[in-house]
Amino acid sequence: MKIMDSPRTGKLASVVFYPSRFGQCARTRTIPRDPKTERQNRMRAIFGSASRSWGVALSEDQRLRWVAAAQAVPSHPSLAQYSYLSGQQFHVQINSTLQCIGLPPVSEPPAPVTFGPNPVSDLVIDHDPEKGTRLRLNVGPASEDIMVFGQAPCSAGRMKPRRVYYLGLLGPAADGQRDITDLYTARFGRPAPGQKIFIATCQTKDGWKARESVFSAIVPPAPSVEKRQVPLKATVAASAPAAKPQPSASAAKVSPPLHQAMYQGSTWDVPRENKAQKRGQLTSIPGTPLVHGVWAALRRLLLPGMREVEA
């Protein structure tokens, strides 16, 4: 959390102090998670090998030369303060960088290197119809090796990378661009549309490293697939078109379609029409279920009495 205190860094008892872009912060000291991945074990092995070689593989004269060369190598500044590396720290720094990019270690301190502008200018993300999402770096002429670092896909609202990981060396460019999709997806997988990608590049030569340049881009949405309709080609006869036949008189008379009779219920004018026809059987009137029920009841009541009178 943010606190009001004098600027400080480091650990004090169980509290760790560190500066942030919001001011002085402090947090409780915790033991970080150690997954011991293959990449972690490789870098730890490289660092340990470079550190052990200081006392095993070097002579006393070589160590003195490393100590003298380290007096011109400042450490990373902290709170606007910095110091200079020791001979062993400088030796480990140079050889760790060389072994990280696949070069053999050295026993003599290399001469200082002056780097020019970073040839990488921008990160471009687009969609290839066959290969899908592609990550490309715009690269100009380069005379040094370029290390590529990347961060896992994150929210599009993030404006600054938190932690980047080494992906590999940037190979030769073609037509001013270098495809780094394979480098990135081998570590983090294929990003989804709408996510932001952070890529950092760093020039290196003889174990020396220049300052990192950070680039970012948002993965665009995949283009919609348009269904293409292939028009049918009609075969046209070479002869002249035939005259349009005139409709005959019999064809002009079109009989109305025959509809199947269907009971659709009684309407308010049905009793009036049946009364005009003077039908004697009420049961023949369609749509009168109530009359049917009353007439059947009367017949059941009257018929037995009528039969006794006739007998």
# chains A, B, ... in the order shown; residues from 1 in each chain; ligands from 1

call {"tool": "select_by_dssp", "arguments": {"residues": "region 28-195 of chain A", "states": "helix (DSSP H, G or I)", "output": "ChimeraX atom specification"}}
result
/A:38-56,60-70,87-100,181-188

call {"tool": "write_last_selection", "arguments": {"atoms": "C-alpha atoms", "output": "short mmCIF file (atom, residue, chain, number, x, y, z; two decimals), in the first residue's frame"}}
result
data_model
loop_
_atom_site.label_atom_id
_atom_site.label_comp_id
_atom_site.auth_asym_id
_atom_site.auth_seq_id
_atom_site.Cartn_x
_atom_site.Cartn_y
_atom_site.Cartn_z
CA GLU A 38 12.59 -25.55 -17.43
CA ARG A 39 13.43 -21.97 -18.39
CA GLN A 40 14.09 -21.02 -14.76
CA ASN A 41 16.37 -23.97 -14.23
CA ARG A 42 18.29 -23.14 -17.41
CA MET A 43 18.92 -19.50 -16.42
CA ARG A 44 19.87 -20.51 -12.88
CA ALA A 45 22.35 -23.01 -14.28
CA ILE A 46 23.86 -20.32 -16.53
CA PHE A 47 24.12 -17.84 -13.66
CA GLY A 48 25.68 -20.43 -11.36
CA SER A 49 28.20 -21.52 -13.99
CA ALA A 50 29.31 -17.92 -14.63
CA SER A 51 29.63 -17.27 -10.91
CA ARG A 52 31.70 -20.40 -10.23
CA SER A 53 34.05 -19.73 -13.13
CA TRP A 54 35.20 -16.53 -11.44
CA GLY A 55 37.18 -18.47 -8.85
CA VAL A 56 37.92 -21.62 -10.87
CA GLU A 60 44.63 -13.74 -10.76
CA ASP A 61 45.73 -11.41 -13.57
CA GLN A 62 42.47 -11.98 -15.42
CA ARG A 63 40.46 -11.22 -12.28
CA LEU A 64 42.37 -7.96 -11.82
CA ARG A 65 41.56 -6.94 -15.37
CA TRP A 66 37.88 -7.63 -14.76
CA VAL A 67 38.01 -5.51 -11.59
CA ALA A 68 39.62 -2.61 -13.46
CA ALA A 69 37.08 -2.81 -16.31
CA ALA A 70 34.15 -2.89 -13.86
CA GLY A 87 34.81 -7.49 -10.94
CA GLN A 88 32.85 -10.68 -10.23
CA GLN A 89 29.48 -8.99 -10.88
CA PHE A 90 30.72 -7.63 -14.20
CA HIS A 91 32.10 -11.05 -15.17
CA VAL A 92 28.80 -12.79 -14.33
CA GLN A 93 26.77 -10.16 -16.19
CA ILE A 94 28.73 -10.48 -19.45
CA ASN A 95 28.96 -14.27 -19.48
CA SER A 96 25.33 -14.78 -18.44
CA THR A 97 24.19 -12.69 -21.40
CA LEU A 98 26.47 -14.55 -23.81
CA GLN A 99 25.33 -17.99 -22.68
CA CYS A 100 21.67 -16.89 -22.71
CA THR A 181 4.60 -15.33 -34.06
CA ASP A 182 6.37 -18.64 -33.44
CA LEU A 183 8.59 -17.10 -30.75
CA TYR A 184 5.61 -15.63 -28.94
CA THR A 185 3.14 -18.52 -29.22
CA ALA A 186 5.76 -21.05 -28.09
CA ARG A 187 5.81 -19.30 -24.70
CA PHE A 188 2.34 -17.79 -24.24
#

call {"tool": "select_by_dssp", "arguments": {"residues": "region 4-151 of chain A", "states": "strand (DSSP E)", "output": "MDAnalysis selection string"}}
result
chainID A and resid 10:12 15:20 23:28 120:128 132:139 145:150

call {"tool": "closest_residue", "arguments": {"among": "A:Trp208, A:Phe149, A:Phe215, A:Tyr166", "to": "Val120 (chain A)", "atoms": "only C-alpha atoms"}}
result
A:Phe215

call {"tool": "closest_residue", "arguments": {"among": "A:Gln203, A:Val124, A:Asp145, A:Arg178", "to": "Val219 (chain A)", "atoms": "only C-alpha atoms"}}
result
A:Val124

call {"tool": "closest_residue", "arguments": {"among": "A:Leu79, A:Ile31, A:Ile125, A:Leu103", "to": "Gly10 (chain A)", "atoms": "only C-alpha atoms"}}
result
A:Leu79

call {"tool": "residues_around", "arguments": {"residues": "Ile197 (chain A)", "least_positions_apart": "5", "cutoff": "10 Å", "atoms": "only C-alpha atoms", "output": "list in words"}}
result
Leu123, Ile125, Leu135, Gly150, Gln151, Ala152, Pro153, Cys154, Ser155, Ala156, Arg158, Pro161, Tyr184, Pro191, Phe215, Ser216, Ala217, Ile218 and Val219 of chain A

call {"tool": "write_last_selection", "arguments": {"atoms": "N, CA and C atoms", "output": "mmCIF file, in the first residue's frame"}}
result
data_model
loop_
_atom_site.group_PDB
_atom_site.id
_atom_site.type_symbol
_atom_site.label_atom_id
_atom_site.label_comp_id
_atom_site.auth_asym_id
_atom_site.auth_seq_id
_atom_site.Cartn_x
_atom_site.Cartn_y
_atom_site.Cartn_z
ATOM 1 N N LEU A 123 5.426 -2.623 -33.729
ATOM 2 C CA LEU A 123 4.824 -3.956 -33.673
ATOM 3 C C LEU A 123 3.513 -3.921 -34.441
ATOM 4 N N ILE A 125 0.186 -6.302 -35.742
ATOM 5 C CA ILE A 125 -0.579 -7.547 -35.572
ATOM 6 C C ILE A 125 -1.692 -7.553 -36.610
ATOM 7 N N LEU A 135 2.193 -11.862 -35.663
ATOM 8 C CA LEU A 135 2.893 -10.767 -34.994
ATOM 9 C C LEU A 135 4.153 -10.462 -35.774
ATOM 10 N N GLY A 150 8.908 -10.696 -24.187
ATOM 11 C CA GLY A 150 7.466 -10.559 -24.330
ATOM 12 C C GLY A 150 6.743 -10.787 -23.022
ATOM 13 N N GLN A 151 5.530 -10.248 -22.963
ATOM 14 C CA GLN A 151 4.647 -10.446 -21.811
ATOM 15 C C GLN A 151 3.410 -11.201 -22.261
ATOM 16 N N ALA A 152 2.823 -11.972 -21.368
ATOM 17 C CA ALA A 152 1.613 -12.730 -21.688
ATOM 18 C C ALA A 152 0.492 -11.782 -22.113
ATOM 19 N N PRO A 153 -0.440 -12.221 -22.973
ATOM 20 C CA PRO A 153 -1.553 -11.351 -23.396
ATOM 21 C C PRO A 153 -2.303 -10.808 -22.184
ATOM 22 N N CYS A 154 -2.625 -9.522 -22.236
ATOM 23 C CA CYS A 154 -3.261 -8.859 -21.099
ATOM 24 C C CYS A 154 -4.415 -8.000 -21.588
ATOM 25 N N SER A 155 -5.036 -7.282 -20.660
ATOM 26 C CA SER A 155 -6.166 -6.424 -20.987
ATOM 27 C C SER A 155 -5.725 -5.280 -21.901
ATOM 28 N N ALA A 156 -6.640 -4.868 -22.775
ATOM 29 C CA ALA A 156 -6.320 -3.766 -23.687
ATOM 30 C C ALA A 156 -6.161 -2.445 -22.950
ATOM 31 N N ARG A 158 -4.352 -1.939 -20.271
ATOM 32 C CA ARG A 158 -3.043 -1.786 -19.630
ATOM 33 C C ARG A 158 -2.126 -0.964 -20.516
ATOM 34 N N PRO A 161 3.916 -2.539 -19.447
ATOM 35 C CA PRO A 161 4.158 -3.963 -19.126
ATOM 36 C C PRO A 161 4.636 -4.122 -17.690
ATOM 37 N N TYR A 184 6.568 -16.046 -29.966
ATOM 38 C CA TYR A 184 5.606 -15.628 -28.942
ATOM 39 C C TYR A 184 4.670 -16.771 -28.546
ATOM 40 N N PRO A 191 -2.722 -15.381 -28.928
ATOM 41 C CA PRO A 191 -3.571 -14.393 -28.250
ATOM 42 C C PRO A 191 -4.961 -14.329 -28.863
ATOM 43 N N PHE A 215 7.230 -2.029 -27.259
ATOM 44 C CA PHE A 215 6.182 -1.796 -28.263
ATOM 45 C C PHE A 215 4.943 -2.584 -27.849
ATOM 46 N N SER A 216 3.798 -2.072 -28.235
ATOM 47 C CA SER A 216 2.543 -2.745 -27.885
ATOM 48 C C SER A 216 1.553 -2.589 -29.030
ATOM 49 N N ALA A 217 0.595 -3.520 -29.096
ATOM 50 C CA ALA A 217 -0.464 -3.493 -30.105
ATOM 51 C C ALA A 217 -1.602 -4.375 -29.609
ATOM 52 N N ILE A 218 -2.814 -4.071 -30.087
ATOM 53 C CA ILE A 218 -4.016 -4.816 -29.719
ATOM 54 C C ILE A 218 -4.362 -5.762 -30.856
ATOM 55 N N VAL A 219 -4.688 -7.003 -30.507
ATOM 56 C CA VAL A 219 -5.033 -7.995 -31.513
ATOM 57 C C VAL A 219 -6.371 -7.613 -32.142
#
